[in-house]
Amino acid sequence: MLAMTVSRKGKPHRRGLLPRLLRLAMRSSVGAITGVETTDPVVALSFDDGPDAVFTPRLLDILERHGARGTFFMVGEAAARQPELVRQIAQAGHAIGNHTWDHPSLPLISRDERLSQIPACAHVLAPHEQRLLRPPYGHLSLAARLDVRRLGYQLVAWDQPAQDWRDIDPTAVLARLLSNIRPGSIVLFHDRLHAFEDPRFADRGAAFGVVDALLARRAGAFQFVTIPDLLRHGRPRRGYQSAPPDLAFLNQLMTADGQARRYPAAPPPSRVEAILSRMGV
Ligand SMILES: [Zn+2]
């Protein structure tokens, strides 16, 4: 409902129409997709940070067994080590998107680096890459959003995170997903962890158990499709809000090769980001 006020000339006018139009324009131009408006029984599973020589083939078997297709947001550095696996994923009918070259938090790196991280990943994913970008850690800033758009990518977030980057209780995650997924949902899983708080979390066994059980329980109710297919079923839902990068969290992460990237400082809080956040962009 629109708030009505009385203007100086005495005529009522709609307060908030302009801000609402501006919010719509901002969301549709730089907002990240969290799902699709549809009543069709379709859901997209997405898998970040891969491919992984050990875990990804196990996931491909699970998806195949249930006749499900997924979307893999790959890290360029990992894809460069597994070109045959990248080809195999594409050939099995899954979609492949860009998750940068080596998984930096986009607001915390320079514009020049953003403009090289994304094409470097695209280069190793070619010719299988779709122009979809998942921001590492889900971190975004207005500058990062504009750079992604300028490179010709759609930003894709999620509405259902499995939170499988940490120690999870698979039963609780499954129960949450079973009750929360709805037509048009995008679910976030990982088939590899680029960086982790504890090496134990890198094991994908628990997360894949959830994928398997989710597909077994919902394969009759939903069709599990790629994100490009999902987008054919309706208008994208947008309105993903990025959490501010947490330096203490990022700076304690490890990778399989040792210490993950260290960030010296977060950019000062900006008025523009605060306005965008209030707009739900
Ligand atoms: Zn990631």
# chains A, B, ... in the order shown; residues from 1 in each chain; ligands from 1
>>> closest_atom_pairs(of="chain A", to="ligand 1", cutoff="12 Å", atoms="only C-alpha atoms and all ligand atoms", output="Markdown table")
| residue | atom | partner | partner_atom_place_in_ligand_line | distance |
| --- | --- | --- | --- | --- |
| A:Ser46 | CA | ligand 1 | 1 (Zn) | 11.0 |
| A:Phe47 | CA | ligand 1 | 1 (Zn) | 8.8 |
| A:Asp48 | CA | ligand 1 | 1 (Zn) | 5.2 |
| A:Asp49 | CA | ligand 1 | 1 (Zn) | 4.8 |
| A:Gly50 | CA | ligand 1 | 1 (Zn) | 8.6 |
| A:Pro51 | CA | ligand 1 | 1 (Zn) | 11.4 |
| A:Phe72 | CA | ligand 1 | 1 (Zn) | 10.6 |
| A:Phe73 | CA | ligand 1 | 1 (Zn) | 7.9 |
| A:Met74 | CA | ligand 1 | 1 (Zn) | 8.3 |
| A:Val75 | CA | ligand 1 | 1 (Zn) | 7.7 |
| A:Gly76 | CA | ligand 1 | 1 (Zn) | 11.4 |
| A:Ala78 | CA | ligand 1 | 1 (Zn) | 11.6 |
| A:Gly97 | CA | ligand 1 | 1 (Zn) | 11.7 |
| A:Asn98 | CA | ligand 1 | 1 (Zn) | 10.2 |
| A:His99 | CA | ligand 1 | 1 (Zn) | 6.7 |
| A:Thr100 | CA | ligand 1 | 1 (Zn) | 8.9 |
| A:Trp101 | CA | ligand 1 | 1 (Zn) | 10.8 |
| A:Asp102 | CA | ligand 1 | 1 (Zn) | 9.3 |
| A:His103 | CA | ligand 1 | 1 (Zn) | 6.3 |
| A:Pro104 | CA | ligand 1 | 1 (Zn) | 8.9 |
| A:Ser105 | CA | ligand 1 | 1 (Zn) | 9.4 |
| A:Leu106 | CA | ligand 1 | 1 (Zn) | 11.5 |
| A:Leu133 | CA | ligand 1 | 1 (Zn) | 10.9 |
| A:Arg134 | CA | ligand 1 | 1 (Zn) | 7.7 |
| A:Pro135 | CA | ligand 1 | 1 (Zn) | 7.2 |
| A:Pro136 | CA | ligand 1 | 1 (Zn) | 4.5 |
| A:Tyr137 | CA | ligand 1 | 1 (Zn) | 5.6 |
| A:Gly138 | CA | ligand 1 | 1 (Zn) | 7.7 |
| A:His139 | CA | ligand 1 | 1 (Zn) | 10.1 |
| A:Ala157 | CA | ligand 1 | 1 (Zn) | 11.0 |
| A:Pro161 | CA | ligand 1 | 1 (Zn) | 12.0 |
| A:Gln163 | CA | ligand 1 | 1 (Zn) | 11.4 |
| A:Asp164 | CA | ligand 1 | 1 (Zn) | 11.0 |
| A:Trp165 | CA | ligand 1 | 1 (Zn) | 9.0 |
| A:Leu188 | CA | ligand 1 | 1 (Zn) | 9.8 |
| A:Phe189 | CA | ligand 1 | 1 (Zn) | 9.4 |
| A:His190 | CA | ligand 1 | 1 (Zn) | 7.5 |
| A:Asp191 | CA | ligand 1 | 1 (Zn) | 9.9 |
| A:Arg192 | CA | ligand 1 | 1 (Zn) | 8.6 |
| A:Leu193 | CA | ligand 1 | 1 (Zn) | 6.9 |
| A:His194 | CA | ligand 1 | 1 (Zn) | 6.5 |
| A:Ala195 | CA | ligand 1 | 1 (Zn) | 8.0 |
| A:Phe196 | CA | ligand 1 | 1 (Zn) | 10.2 |
| A:Thr255 | CA | ligand 1 | 1 (Zn) | 12.0 |
>>> write_last_selection(atoms="N, CA and C atoms", output="tab-separated table (two decimals), in the first residue's frame")
chain	number	residue	atom	x	y	z
A	46	SER	N	22.93	-25.58	-7.00
A	46	SER	CA	24.20	-25.03	-7.50
A	46	SER	C	25.33	-25.51	-6.59
A	47	PHE	N	26.49	-25.67	-7.20
A	47	PHE	CA	27.65	-26.24	-6.52
A	47	PHE	C	28.85	-25.34	-6.79
A	48	ASP	N	29.44	-24.81	-5.72
A	48	ASP	CA	30.52	-23.83	-5.88
A	48	ASP	C	31.90	-24.42	-5.62
A	49	ASP	N	32.90	-23.68	-6.09
A	49	ASP	CA	34.33	-23.85	-5.74
A	49	ASP	C	35.07	-24.99	-6.44
A	50	GLY	N	34.33	-25.88	-7.16
A	50	GLY	CA	34.97	-27.01	-7.82
A	50	GLY	C	35.63	-26.58	-9.12
A	51	PRO	N	36.04	-27.55	-9.94
A	51	PRO	CA	35.81	-28.98	-9.70
A	51	PRO	C	36.91	-29.58	-8.83
A	72	PHE	N	27.36	-25.57	-11.85
A	72	PHE	CA	28.66	-25.59	-11.16
A	72	PHE	C	29.34	-24.24	-11.35
A	73	PHE	N	29.51	-23.50	-10.24
A	73	PHE	CA	30.26	-22.24	-10.29
A	73	PHE	C	31.70	-22.56	-9.94
A	74	MET	N	32.53	-22.57	-10.98
A	74	MET	CA	33.88	-23.09	-10.80
A	74	MET	C	34.91	-22.00	-10.51
A	75	VAL	N	35.92	-22.38	-9.74
A	75	VAL	CA	37.08	-21.54	-9.49
A	75	VAL	C	38.08	-21.85	-10.62
A	76	GLY	N	38.54	-20.81	-11.32
A	76	GLY	CA	39.39	-21.02	-12.50
A	76	GLY	C	40.62	-21.87	-12.21
A	78	ALA	N	41.06	-24.16	-10.02
A	78	ALA	CA	40.70	-25.58	-9.86
A	78	ALA	C	40.34	-26.19	-11.20
A	97	GLY	N	29.22	-22.00	-14.45
A	97	GLY	CA	29.32	-20.55	-14.28
A	97	GLY	C	30.67	-20.19	-13.68
A	98	ASN	N	30.91	-18.88	-13.58
A	98	ASN	CA	32.20	-18.32	-13.18
A	98	ASN	C	32.20	-17.99	-11.68
A	99	HIS	N	33.26	-18.40	-10.98
A	99	HIS	CA	33.38	-18.10	-9.55
A	99	HIS	C	34.76	-17.46	-9.29
A	100	THR	N	35.26	-16.77	-10.30
A	100	THR	CA	36.56	-16.06	-10.31
A	100	THR	C	37.75	-17.03	-10.42
A	101	TRP	N	38.93	-16.46	-10.59
A	101	TRP	CA	40.13	-17.29	-10.76
A	101	TRP	C	40.56	-17.99	-9.47
A	102	ASP	N	40.69	-17.21	-8.36
A	102	ASP	CA	41.12	-17.88	-7.13
A	102	ASP	C	40.36	-17.40	-5.89
A	103	HIS	N	39.06	-17.05	-6.11
A	103	HIS	CA	38.14	-16.90	-5.00
A	103	HIS	C	38.44	-15.74	-4.04
A	104	PRO	N	38.73	-14.54	-4.55
A	104	PRO	CA	38.88	-13.41	-3.62
A	104	PRO	C	37.52	-12.81	-3.26
A	105	SER	N	37.47	-12.11	-2.15
A	105	SER	CA	36.27	-11.33	-1.81
A	105	SER	C	36.26	-10.10	-2.73
A	106	LEU	N	35.29	-10.01	-3.62
A	106	LEU	CA	35.35	-8.96	-4.66
A	106	LEU	C	35.39	-7.52	-4.13
A	133	LEU	N	27.72	-15.31	-12.89
A	133	LEU	CA	28.80	-15.17	-11.91
A	133	LEU	C	28.27	-15.28	-10.49
A	134	ARG	N	28.91	-16.13	-9.71
A	134	ARG	CA	28.60	-16.25	-8.29
A	134	ARG	C	29.73	-15.59	-7.52
A	135	PRO	N	29.45	-14.55	-6.73
A	135	PRO	CA	30.53	-13.86	-6.01
A	135	PRO	C	31.08	-14.72	-4.87
A	136	PRO	N	32.40	-14.86	-4.78
A	136	PRO	CA	32.99	-15.62	-3.66
A	136	PRO	C	32.51	-15.06	-2.31
A	137	TYR	N	32.20	-15.95	-1.39
A	137	TYR	CA	31.69	-15.62	-0.05
A	137	TYR	C	30.35	-14.86	-0.11
A	138	GLY	N	29.79	-14.71	-1.33
A	138	GLY	CA	28.58	-13.90	-1.46
A	138	GLY	C	28.82	-12.42	-1.25
A	139	HIS	N	30.09	-12.00	-1.23
A	139	HIS	CA	30.40	-10.59	-0.96
A	139	HIS	C	30.24	-9.73	-2.21
A	157	ALA	N	22.97	-15.27	-6.92
A	157	ALA	CA	23.14	-15.66	-5.51
A	157	ALA	C	22.29	-16.91	-5.28
A	161	PRO	N	20.70	-21.46	1.22
A	161	PRO	CA	22.07	-21.93	1.45
A	161	PRO	C	22.07	-23.20	2.30
A	163	GLN	N	24.68	-24.11	3.77
A	163	GLN	CA	25.69	-23.78	4.79
A	163	GLN	C	26.67	-24.92	5.00
A	164	ASP	N	27.06	-25.55	3.88
A	164	ASP	CA	27.92	-26.74	3.95
A	164	ASP	C	29.41	-26.37	3.92
A	165	TRP	N	29.74	-25.11	4.22
A	165	TRP	CA	31.15	-24.71	4.30
A	165	TRP	C	31.67	-24.86	5.73
A	188	LEU	N	22.24	-23.44	-2.59
A	188	LEU	CA	23.71	-23.34	-2.62
A	188	LEU	C	24.35	-24.51	-1.88
A	189	PHE	N	25.16	-25.28	-2.62
A	189	PHE	CA	26.01	-26.33	-2.04
A	189	PHE	C	27.43	-26.08	-2.52
A	190	HIS	N	28.37	-26.89	-2.07
A	190	HIS	CA	29.76	-26.85	-2.55
A	190	HIS	C	30.21	-28.26	-2.90
A	191	ASP	N	30.82	-28.42	-4.08
A	191	ASP	CA	31.40	-29.73	-4.40
A	191	ASP	C	32.89	-29.74	-4.07
A	192	ARG	N	33.38	-28.60	-3.61
A	192	ARG	CA	34.76	-28.46	-3.13
A	192	ARG	C	34.74	-27.21	-2.26
A	193	LEU	N	35.65	-27.11	-1.28
A	193	LEU	CA	35.78	-25.85	-0.55
A	193	LEU	C	37.11	-25.23	-0.92
A	194	HIS	N	37.08	-24.05	-1.50
A	194	HIS	CA	38.33	-23.40	-1.86
A	194	HIS	C	39.11	-23.01	-0.60
A	195	ALA	N	38.39	-22.50	0.39
A	195	ALA	CA	39.03	-22.09	1.65
A	195	ALA	C	38.13	-22.54	2.80
A	196	PHE	N	38.74	-22.91	3.91
A	196	PHE	CA	37.95	-23.46	5.02
A	196	PHE	C	38.57	-23.07	6.36
A	255	THR	N	43.63	-22.99	2.77
A	255	THR	CA	43.31	-23.74	1.55
A	255	THR	C	44.11	-25.04	1.61
>>> select_by_dssp(residues="segment 27-241 of chain A", states="strand (DSSP E)", output="ChimeraX atom specification")
/A:33-37,42-48,70-74,95-98,129-133,154-155,160-161,186-190,223-225,235-238
>>> closest_residue(among="A:Ile33, A:Val187, A:Leu59, A:Leu178", to="Arg217 of chain A", atoms="only C-alpha atoms")
A:Leu178
>>> residues_around(residues="Arg235 of chain A", least_positions_apart="2", cutoff="12 Å", atoms="only C-alpha atoms", output="number ranges by chain")
A: 28, 33-39, 184, 230-233, 237-238
>>> select_by_dssp(residues="segment 7-158 of chain A", states="helix (DSSP H, G or I)", output="PyMOL selection string")
chain A and resi 17-30+55-65+76-81+83-91+106-108+111-125+136-138+142-150
>>> closest_residue(among="A:Leu21, A:Ala144, A:Asn180, A:Leu108", to="Leu250 of chain A", atoms="only C-alpha atoms")
A:Leu108
>>> atom_distance(atom1="atom CA of Ile62 of chain A", atom2="atom CA of Asp257 of chain A")
28.0 Å
>>> atom_distance(atom1="atom CA of Asp147 of chain A", atom2="atom CA of Leu253 of chain A")
25.8 Å
>>> closest_residue(among="A:Met279, A:Leu174, A:Met26, A:Val225", to="Phe208 of chain A", atoms="only C-alpha atoms")
A:Leu174
>>> residues_around(residues="Val210 of chain A", least_positions_apart="3", cutoff="9 Å", atoms="only C-alpha atoms", output="compact mmCIF listing (two decimals) with N, CA and C atoms, in the first residue's frame")
# COMPACT_ATOMS: atom_id res chain seq x y z
N ALA A 162 22.84 -24.22 1.86
CA ALA A 162 22.94 -25.44 2.69
C ALA A 162 23.92 -25.22 3.84
N PRO A 170 23.74 -32.89 9.10
CA PRO A 170 23.06 -33.18 7.83
C PRO A 170 21.55 -33.34 7.99
N THR A 171 21.11 -33.91 9.11
CA THR A 171 19.67 -34.12 9.31
C THR A 171 18.95 -32.77 9.40
N VAL A 173 20.06 -29.84 8.20
CA VAL A 173 20.12 -29.13 6.91
C VAL A 173 19.08 -29.71 5.96
N LEU A 174 18.97 -31.02 5.93
CA LEU A 174 17.98 -31.66 5.04
C LEU A 174 16.57 -31.21 5.42
N GLY A 205 31.46 -35.44 2.19
CA GLY A 205 30.57 -36.57 2.44
C GLY A 205 29.21 -36.17 3.00
N ALA A 206 29.20 -35.33 4.05
CA ALA A 206 27.94 -34.96 4.69
C ALA A 206 27.06 -34.15 3.73
N ALA A 207 27.69 -33.21 3.01
CA ALA A 207 26.92 -32.36 2.09
C ALA A 207 26.31 -33.22 0.97
N ALA A 213 19.77 -37.29 -0.35
CA ALA A 213 18.49 -37.46 0.34
C ALA A 213 17.45 -36.45 -0.16
N LEU A 214 17.89 -35.23 -0.43
CA LEU A 214 16.97 -34.20 -0.94
C LEU A 214 16.39 -34.64 -2.27
N LEU A 215 17.26 -35.15 -3.14
CA LEU A 215 16.79 -35.59 -4.46
C LEU A 215 15.86 -36.80 -4.31
>>> atom_distance(atom1="atom CA of Glu77 of chain A", atom2="atom CA of Cys121 of chain A")
7.3 Å
>>> closest_residue(among="A:Arg81, A:Arg145, A:Arg58, A:Arg262", to="Ser242 of chain A", atoms="only C-alpha atoms")
A:Arg145
>>> closest_residue(among="A:Gly67, A:Ile118, A:Val30, A:Tyr240", to="Gln160 of chain A", atoms="only C-alpha atoms")
A:Tyr240
